[in-house]
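> First the structure, then my questions, so here it is.
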Amino acid sequence: MSKYHIITYGCQMNEHDSENIAGMLEALGYIQEEDPYKADLVIMNTCSVRDNADKRFFGVLGQFKKLKKNNPDFMLCVCGCMPQQPRIVEEINMRFSWVDIVFGTQNIAKLPELLELRKTTGKKQRAIVDNNPDITEDEMHPVRMHRHKALVNITFGCNNFCTYCIVPYTRGREKSRMMSEIVCEVERLVSDGVKEVMLLGQNVDSYRDALGNSFADLIHAVNEVEGLERIRFMTSHPKDISDEMIDCFRTCDKLCRNIHLPVQSGSDRVLRRMNRHYDSKSYLEIVDKLRSVAPDITISTDVIVGFPGESEEDFEQTLDMARKVRYDSAFTFIYSPREGTPAAKFEDQIPDDVCHDRFNRLVELMDGISYEKNLKYKDTTVEVMVDGVSKTSDNTFSGRTDGFKLVNFTSDKNEEDIVGRIVKVRIDDTKTFSLEGHEL
Ligand code: SAH
Ligand code: SF4
Ligand code: F3S
């Protein structure tokens, strides 16, 4: 029997694509292999959002060349966001021509056919398409990473063209799945034992299906699915978030009180140049509305430092935004120019040392706030959906609160009896990125 191994980089979209790829391979009779160097087929599902992702990919790819030499039957396949850019496919063809199959984000379902063609014709396969209008999810049978929680695509692609971002070029134009199909999928998942779903889209707030259903309508419909316990979603865009959506935090009992609301910058000038279509004032108004509807809601964000033209004053406005919102957690990135995006051509690029200095100052502030926010959980009891057992100790488990706080806790229970269940945990200690406690 042939063995496969998938290496996944990037966001949840890629994680879910990898689950679908695993599903197709297992339907063809492949079995999963933990060690990539023992597999007959390695799939590299790539990300291109920042430059270090590119570099890492080519480094790892180089390491597989030896395997190919030692075992002519070994196959390597590259997919995901990198090959959606012609320069990357050219580079693969020039420097890594031994790669067997390359396909993109828009034609994942083609993998079985490409494998067959590679075997029967002996020819390397290259199959990249842009903006596939027929992209769908409905016939997929993913092999899911977790039994108790599942990723569910609600939209594909992105139409926002933030000036720094490669995603609209690698994932094509935005398409919403039908609400009825999404609800059917969630029902199927629940009958399979799933307790929590994460609704996925690059901008969930612009979801609108062919019947006119909005994201708020979708949350209400998913909230009705019997047996489902938790609903999460990712990612919100401040320009499109609606009052109806915000109200779901009050009216939908399964919707977790947590939101990831990328701000990117606190400076209106920078936000305009990023093409984000909101300003710091309207962003803060959304935060106020969220907190008035759900006072205990946790908020996380993404920030880019060193965007072209960012002055010290602009950066201080970002620090100011962090102090005003007091985020529970934040992902901070140094701006990385992406070929083909408008911002890569802006002339006022920021020197590396300035970027690093700002990055360190922002991380210090954000981490301090996270630490302080977590302190208030000490000696409280929280409900935790258990994700798994710790690698180092059999009686330490980890999971997430409704507000997505990571909790590590001890329990006498067995792994099989506790994973996927919601348990009560007493918090004894708090850290910057986690809460520590014991099961009650
Ligand atoms: N669709 C989501 C996430 C997109 S990528 C959204 O709109 O928020 C995830 C994060 O990567 C972005 O929020 C942004 O902060 C960061 N990012 C995207 N392109 C980048 C670039 N060129 N350089 C640095 N960070 C980038
Ligand atoms: Fe990129 Fe902006 Fe689309 Fe997010 S909304 S994927 S940052 S273009
Ligand atoms: Fe990366 Fe593509 Fe996701 S570029 S962040 S894997 S959409």
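Chain labels A, B, ... are given in the sequence in which chains occur in the structure tokens; within each chain residues are numbered consecutively from 1, and ligands are likewise numbered from 1 in the order shown.
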Report as JSON lines the residues of chain A within 9 Å of ligand 1, each with its shortest atom pair and distance in Å (one decimal), using only C-alpha atoms and all ligand atoms, ordered by chain and increasing residue number.

{"residue": "A:Gly10", "atom": "CA", "partner": "ligand 1", "partner_atom_place_in_ligand_line": "5 (S)", "distance": 8.7}
{"residue": "A:Cys11", "atom": "CA", "partner": "ligand 1", "partner_atom_place_in_ligand_line": "5 (S)", "distance": 7.6}
{"residue": "A:Ser48", "atom": "CA", "partner": "ligand 1", "partner_atom_place_in_ligand_line": "19 (N)", "distance": 8.8}
{"residue": "A:Val49", "atom": "CA", "partner": "ligand 1", "partner_atom_place_in_ligand_line": "19 (N)", "distance": 5.2}
{"residue": "A:Arg50", "atom": "CA", "partner": "ligand 1", "partner_atom_place_in_ligand_line": "21 (C)", "distance": 5.3}
{"residue": "A:Asp51", "atom": "CA", "partner": "ligand 1", "partner_atom_place_in_ligand_line": "22 (N)", "distance": 7.9}
{"residue": "A:Cys158", "atom": "CA", "partner": "ligand 1", "partner_atom_place_in_ligand_line": "1 (N)", "distance": 7.5}
{"residue": "A:Asn160", "atom": "CA", "partner": "ligand 1", "partner_atom_place_in_ligand_line": "7 (O)", "distance": 8.1}
{"residue": "A:Cys162", "atom": "CA", "partner": "ligand 1", "partner_atom_place_in_ligand_line": "7 (O)", "distance": 8.0}
{"residue": "A:Thr163", "atom": "CA", "partner": "ligand 1", "partner_atom_place_in_ligand_line": "22 (N)", "distance": 8.3}
{"residue": "A:Tyr164", "atom": "CA", "partner": "ligand 1", "partner_atom_place_in_ligand_line": "22 (N)", "distance": 4.5}
{"residue": "A:Cys165", "atom": "CA", "partner": "ligand 1", "partner_atom_place_in_ligand_line": "19 (N)", "distance": 4.1}
{"residue": "A:Ile166", "atom": "CA", "partner": "ligand 1", "partner_atom_place_in_ligand_line": "19 (N)", "distance": 6.4}
{"residue": "A:Val167", "atom": "CA", "partner": "ligand 1", "partner_atom_place_in_ligand_line": "4 (C)", "distance": 7.0}
{"residue": "A:Gly201", "atom": "CA", "partner": "ligand 1", "partner_atom_place_in_ligand_line": "1 (N)", "distance": 7.2}
{"residue": "A:Gln202", "atom": "CA", "partner": "ligand 1", "partner_atom_place_in_ligand_line": "1 (N)", "distance": 3.6}
{"residue": "A:Asn203", "atom": "CA", "partner": "ligand 1", "partner_atom_place_in_ligand_line": "1 (N)", "distance": 5.5}
{"residue": "A:Val204", "atom": "CA", "partner": "ligand 1", "partner_atom_place_in_ligand_line": "1 (N)", "distance": 8.7}
{"residue": "A:Met234", "atom": "CA", "partner": "ligand 1", "partner_atom_place_in_ligand_line": "2 (C)", "distance": 7.8}
{"residue": "A:Thr235", "atom": "CA", "partner": "ligand 1", "partner_atom_place_in_ligand_line": "2 (C)", "distance": 5.4}
{"residue": "A:Ser236", "atom": "CA", "partner": "ligand 1", "partner_atom_place_in_ligand_line": "8 (O)", "distance": 6.9}
{"residue": "A:His237", "atom": "CA", "partner": "ligand 1", "partner_atom_place_in_ligand_line": "7 (O)", "distance": 6.1}
{"residue": "A:His260", "atom": "CA", "partner": "ligand 1", "partner_atom_place_in_ligand_line": "8 (O)", "distance": 8.3}
{"residue": "A:Leu261", "atom": "CA", "partner": "ligand 1", "partner_atom_place_in_ligand_line": "8 (O)", "distance": 7.2}
{"residue": "A:Pro262", "atom": "CA", "partner": "ligand 1", "partner_atom_place_in_ligand_line": "8 (O)", "distance": 5.1}
{"residue": "A:Val263", "atom": "CA", "partner": "ligand 1", "partner_atom_place_in_ligand_line": "13 (O)", "distance": 7.8}
{"residue": "A:Gln264", "atom": "CA", "partner": "ligand 1", "partner_atom_place_in_ligand_line": "15 (O)", "distance": 5.6}
{"residue": "A:Arg276", "atom": "CA", "partner": "ligand 1", "partner_atom_place_in_ligand_line": "7 (O)", "distance": 8.9}
{"residue": "A:Thr301", "atom": "CA", "partner": "ligand 1", "partner_atom_place_in_ligand_line": "13 (O)", "distance": 7.8}
{"residue": "A:Asp302", "atom": "CA", "partner": "ligand 1", "partner_atom_place_in_ligand_line": "15 (O)", "distance": 4.5}
{"residue": "A:Val303", "atom": "CA", "partner": "ligand 1", "partner_atom_place_in_ligand_line": "15 (O)", "distance": 5.0}
{"residue": "A:Ile304", "atom": "CA", "partner": "ligand 1", "partner_atom_place_in_ligand_line": "15 (O)", "distance": 5.3}
{"residue": "A:Val305", "atom": "CA", "partner": "ligand 1", "partner_atom_place_in_ligand_line": "24 (C)", "distance": 7.8}
{"residue": "A:Gly306", "atom": "CA", "partner": "ligand 1", "partner_atom_place_in_ligand_line": "24 (C)", "distance": 8.8}
{"residue": "A:Phe307", "atom": "CA", "partner": "ligand 1", "partner_atom_place_in_ligand_line": "23 (N)", "distance": 7.9}
{"residue": "A:Phe331", "atom": "CA", "partner": "ligand 1", "partner_atom_place_in_ligand_line": "15 (O)", "distance": 7.3}
{"residue": "A:Thr332", "atom": "CA", "partner": "ligand 1", "partner_atom_place_in_ligand_line": "15 (O)", "distance": 7.0}
{"residue": "A:Phe333", "atom": "CA", "partner": "ligand 1", "partner_atom_place_in_ligand_line": "25 (N)", "distance": 5.0}
{"residue": "A:Ile334", "atom": "CA", "partner": "ligand 1", "partner_atom_place_in_ligand_line": "24 (C)", "distance": 5.3}
{"residue": "A:Tyr335", "atom": "CA", "partner": "ligand 1", "partner_atom_place_in_ligand_line": "23 (N)", "distance": 3.8}
{"residue": "A:Ser336", "atom": "CA", "partner": "ligand 1", "partner_atom_place_in_ligand_line": "23 (N)", "distance": 3.8}
{"residue": "A:Pro337", "atom": "CA", "partner": "ligand 1", "partner_atom_place_in_ligand_line": "22 (N)", "distance": 5.3}
{"residue": "A:Arg338", "atom": "CA", "partner": "ligand 1", "partner_atom_place_in_ligand_line": "22 (N)", "distance": 5.5}
{"residue": "A:Thr341", "atom": "CA", "partner": "ligand 1", "partner_atom_place_in_ligand_line": "22 (N)", "distance": 8.4}
{"residue": "A:Ala343", "atom": "CA", "partner": "ligand 1", "partner_atom_place_in_ligand_line": "22 (N)", "distance": 8.4}
{"residue": "A:Ala344", "atom": "CA", "partner": "ligand 1", "partner_atom_place_in_ligand_line": "22 (N)", "distance": 8.3}
> Got a sec to tell me which of region 77-152 of chain A DSSP assigns to helix (DSSP H, G or I), as a PDB file with C-alpha atoms, in the first residue's frame?

ATOM      1  CA  MET A  82       2.730  29.548  -4.090  1.00  0.00           C
ATOM      2  CA  PRO A  83       2.133  27.925  -7.486  1.00  0.00           C
ATOM      3  CA  GLN A  84      -0.716  30.367  -8.191  1.00  0.00           C
ATOM      4  CA  PRO A  86       3.677  32.202 -12.469  1.00  0.00           C
ATOM      5  CA  ARG A  87       7.161  33.205 -11.202  1.00  0.00           C
ATOM      6  CA  ILE A  88       7.030  30.372  -8.648  1.00  0.00           C
ATOM      7  CA  VAL A  89       6.023  27.747 -11.227  1.00  0.00           C
ATOM      8  CA  GLU A  90       8.882  28.982 -13.422  1.00  0.00           C
ATOM      9  CA  GLU A  91      11.303  28.657 -10.530  1.00  0.00           C
ATOM     10  CA  ILE A  92      10.086  25.127  -9.766  1.00  0.00           C
ATOM     11  CA  ASN A  93      10.465  24.181 -13.430  1.00  0.00           C
ATOM     12  CA  MET A  94      13.964  25.660 -13.601  1.00  0.00           C
ATOM     13  CA  ARG A  95      15.510  24.655 -10.278  1.00  0.00           C
ATOM     14  CA  ILE A 108      -7.708  20.556  -5.806  1.00  0.00           C
ATOM     15  CA  ALA A 109     -10.311  18.044  -6.980  1.00  0.00           C
ATOM     16  CA  LYS A 110      -8.057  17.323  -9.956  1.00  0.00           C
ATOM     17  CA  LEU A 111      -5.379  15.617  -7.876  1.00  0.00           C
ATOM     18  CA  PRO A 112      -6.525  11.992  -8.508  1.00  0.00           C
ATOM     19  CA  GLU A 113      -6.492  12.608 -12.269  1.00  0.00           C
ATOM     20  CA  LEU A 114      -3.049  14.256 -12.117  1.00  0.00           C
ATOM     21  CA  LEU A 115      -1.633  11.328 -10.136  1.00  0.00           C
ATOM     22  CA  GLU A 116      -3.032   8.894 -12.675  1.00  0.00           C
ATOM     23  CA  LEU A 117      -1.632  10.896 -15.602  1.00  0.00           C
ATOM     24  CA  ARG A 118       1.762  11.135 -13.927  1.00  0.00           C
ATOM     25  CA  LYS A 119       1.859   7.353 -13.545  1.00  0.00           C
ATOM     26  CA  THR A 120       0.460   6.349 -16.933  1.00  0.00           C
ATOM     27  CA  THR A 121       2.200   8.897 -19.170  1.00  0.00           C
TER      28      THR A 121
END
> Hey, which of A:Lys289, A:Phe359, A:Asp240, A:Met13 ends up closest to Thr155 (chain A)? Count only C-alpha atoms.
A:Met13
> Tell me, as a list in words, which residues lie within 9 Å of His16 (chain A), counting only C-alpha atoms; anything in the same chain fewer than 4 positions away does not count.
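Here the answer would be Cys11, Gln12, Asn20, Ile21, Pro142, Arg144, Met145, Ala150, Leu151, Val152 and Asn153 of chain A.
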> Let me make sure I understand: among A:Glu15, A:Asp73, A:Asp205, A:Glu196, which one has the smallest atom-to-atom distance to ligand 2 if we use only C-alpha atoms and all ligand atoms?
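Among the listed residues, A:Asp205 lies closest to ligand 2.
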> Can you tell me, as a list of chain:residue names, what residues are no more than 12 Å from Gly420 (chain A) when counting only C-alpha atoms, ignoring any on the same chain fewer than 3 positions away?
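My list of contacting residues is A:His146, A:Arg147, A:His148, A:Lys149, A:Ala150, A:Gly193, A:Val194, A:Lys195, A:Glu196, A:Leu228, A:Glu229, A:Arg230, A:Val384, A:Met385, A:Val386, A:Asp387, A:Gly388, A:Val389, A:Phe397, A:Ser398, A:Gly399, A:Arg400, A:Glu415, A:Glu416, A:Asp417, A:Val423.
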> For the residues in that selection, give me N, CA and C atoms as a tab-separated table (two decimals), in the first residue's frame.

chain	number	residue	atom	x	y	z
A	146	HIS	N	-9.23	16.76	13.65
A	146	HIS	CA	-9.83	16.50	14.95
A	146	HIS	C	-11.19	15.83	14.75
A	147	ARG	N	-11.59	14.99	15.69
A	147	ARG	CA	-12.92	14.38	15.60
A	147	ARG	C	-13.99	15.34	16.08
A	148	HIS	N	-13.64	16.18	17.07
A	148	HIS	CA	-14.67	16.97	17.73
A	148	HIS	C	-14.85	18.37	17.18
A	149	LYS	N	-13.90	18.82	16.35
A	149	LYS	CA	-14.10	20.16	15.77
A	149	LYS	C	-13.70	20.15	14.30
A	150	ALA	N	-14.39	21.00	13.54
A	150	ALA	CA	-14.20	20.94	12.09
A	150	ALA	C	-14.13	22.33	11.48
A	193	GLY	N	-20.10	13.36	15.17
A	193	GLY	CA	-19.48	13.59	16.48
A	193	GLY	C	-18.86	14.96	16.67
A	194	VAL	N	-19.00	15.84	15.68
A	194	VAL	CA	-18.39	17.17	15.80
A	194	VAL	C	-19.21	18.05	16.75
A	195	LYS	N	-18.50	18.78	17.63
A	195	LYS	CA	-19.16	19.65	18.61
A	195	LYS	C	-18.96	21.13	18.28
A	196	GLU	N	-17.88	21.41	17.55
A	196	GLU	CA	-17.54	22.82	17.28
A	196	GLU	C	-17.18	23.00	15.81
A	228	LEU	N	-24.92	20.61	17.95
A	228	LEU	CA	-23.73	21.44	17.83
A	228	LEU	C	-23.59	22.26	19.11
A	229	GLU	N	-22.34	22.43	19.59
A	229	GLU	CA	-22.17	23.16	20.85
A	229	GLU	C	-21.53	24.53	20.68
A	230	ARG	N	-20.59	24.63	19.74
A	230	ARG	CA	-19.89	25.90	19.60
A	230	ARG	C	-19.74	26.30	18.14
A	384	VAL	N	-14.02	24.53	29.43
A	384	VAL	CA	-12.99	24.27	28.43
A	384	VAL	C	-13.41	23.11	27.53
A	385	MET	N	-13.37	23.34	26.22
A	385	MET	CA	-13.54	22.23	25.27
A	385	MET	C	-12.16	21.60	25.11
A	386	VAL	N	-12.05	20.31	25.46
A	386	VAL	CA	-10.73	19.67	25.52
A	386	VAL	C	-10.27	19.25	24.12
A	387	ASP	N	-9.09	19.71	23.73
A	387	ASP	CA	-8.56	19.40	22.40
A	387	ASP	C	-7.65	18.19	22.40
A	388	GLY	N	-6.88	18.00	23.49
A	388	GLY	CA	-5.95	16.87	23.46
A	388	GLY	C	-5.13	16.79	24.73
A	389	VAL	N	-4.30	15.74	24.76
A	389	VAL	CA	-3.44	15.49	25.90
A	389	VAL	C	-2.07	16.11	25.63
A	397	PHE	N	-3.92	18.14	30.08
A	397	PHE	CA	-4.67	18.30	28.84
A	397	PHE	C	-4.69	19.77	28.44
A	398	SER	N	-5.07	20.02	27.18
A	398	SER	CA	-5.24	21.41	26.81
A	398	SER	C	-6.53	21.58	26.03
A	399	GLY	N	-7.06	22.78	26.08
A	399	GLY	CA	-8.30	23.07	25.38
A	399	GLY	C	-8.51	24.57	25.32
A	400	ARG	N	-9.70	24.96	24.89
A	400	ARG	CA	-10.01	26.38	24.72
A	400	ARG	C	-11.29	26.74	25.45
A	415	GLU	N	-7.65	10.00	28.24
A	415	GLU	CA	-7.77	10.81	27.03
A	415	GLU	C	-9.11	10.56	26.31
A	416	GLU	N	-9.49	9.28	26.13
A	416	GLU	CA	-10.70	8.95	25.37
A	416	GLU	C	-11.96	9.52	26.03
A	417	ASP	N	-11.90	9.66	27.36
A	417	ASP	CA	-13.11	10.10	28.07
A	417	ASP	C	-13.25	11.61	28.12
A	423	VAL	N	-15.40	20.67	29.87
A	423	VAL	CA	-15.24	20.39	31.31
A	423	VAL	C	-15.02	21.71	32.05
> Would you compute the distance between CA of His356 (chain A) and CA of Phe404 (chain A)? Give it in Å to one decimal.
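For CA of His356 (chain A) relative to CA of Phe404 (chain A), the distance reads 28.6 Å.
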> I'd like the contact shell of Asp320 (chain A) - 12 Å cut-off, only C-alpha atoms, skipping same-chain residues fewer than 6 positions apart - returned as a PyMOL selection string.
chain A and resi 265-267+280+284+313-314+326-327+362+365-366
> To one decimal place in Å, what is the distance between CA of Glu383 (chain A) and CA of Thr401 (chain A)?
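One can read the CA of Glu383 (chain A) to CA of Thr401 (chain A) distance as 5.7 Å.
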> Rounded to one decimal place, report the CA of Ile369 (chain A)-CA of Gln349 (chain A) distance in Å.
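Separation between CA of Ile369 (chain A) and CA of Gln349 (chain A): 29.3 Å.
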> Counting only C-alpha atoms, what is within 7 Å of Ile427 (chain A), bar same-chain residues fewer than 4 positions away, as a list in words?
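Close residues of Ile427 (chain A): Tyr377, Lys378, Asp379, Thr380, Thr381, Leu435, Glu436, Gly437 and His438 of chain A.
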> Do you know which residues are at most 9 Å from Glu185 (chain A) counting only C-alpha atoms, after dropping those on the same chain fewer than 4 positions away, and could you put them as a ChimeraX atom specification?
/A:138,152,180-181,189-190
> Please extract the residues of region 217-318 of chain A with a backbone DSSP assignment of strand (DSSP E) and present them as a VMD selection string.
chain A and resid 230 to 234 258 to 260 298 to 305
> With distances taken over only C-alpha atoms and all ligand atoms, which of A:Phe156, A:Phe161, A:Phe103, A:Phe64 is nearest to ligand 2?
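Under the stated criterion, the closest residue is A:Phe161.
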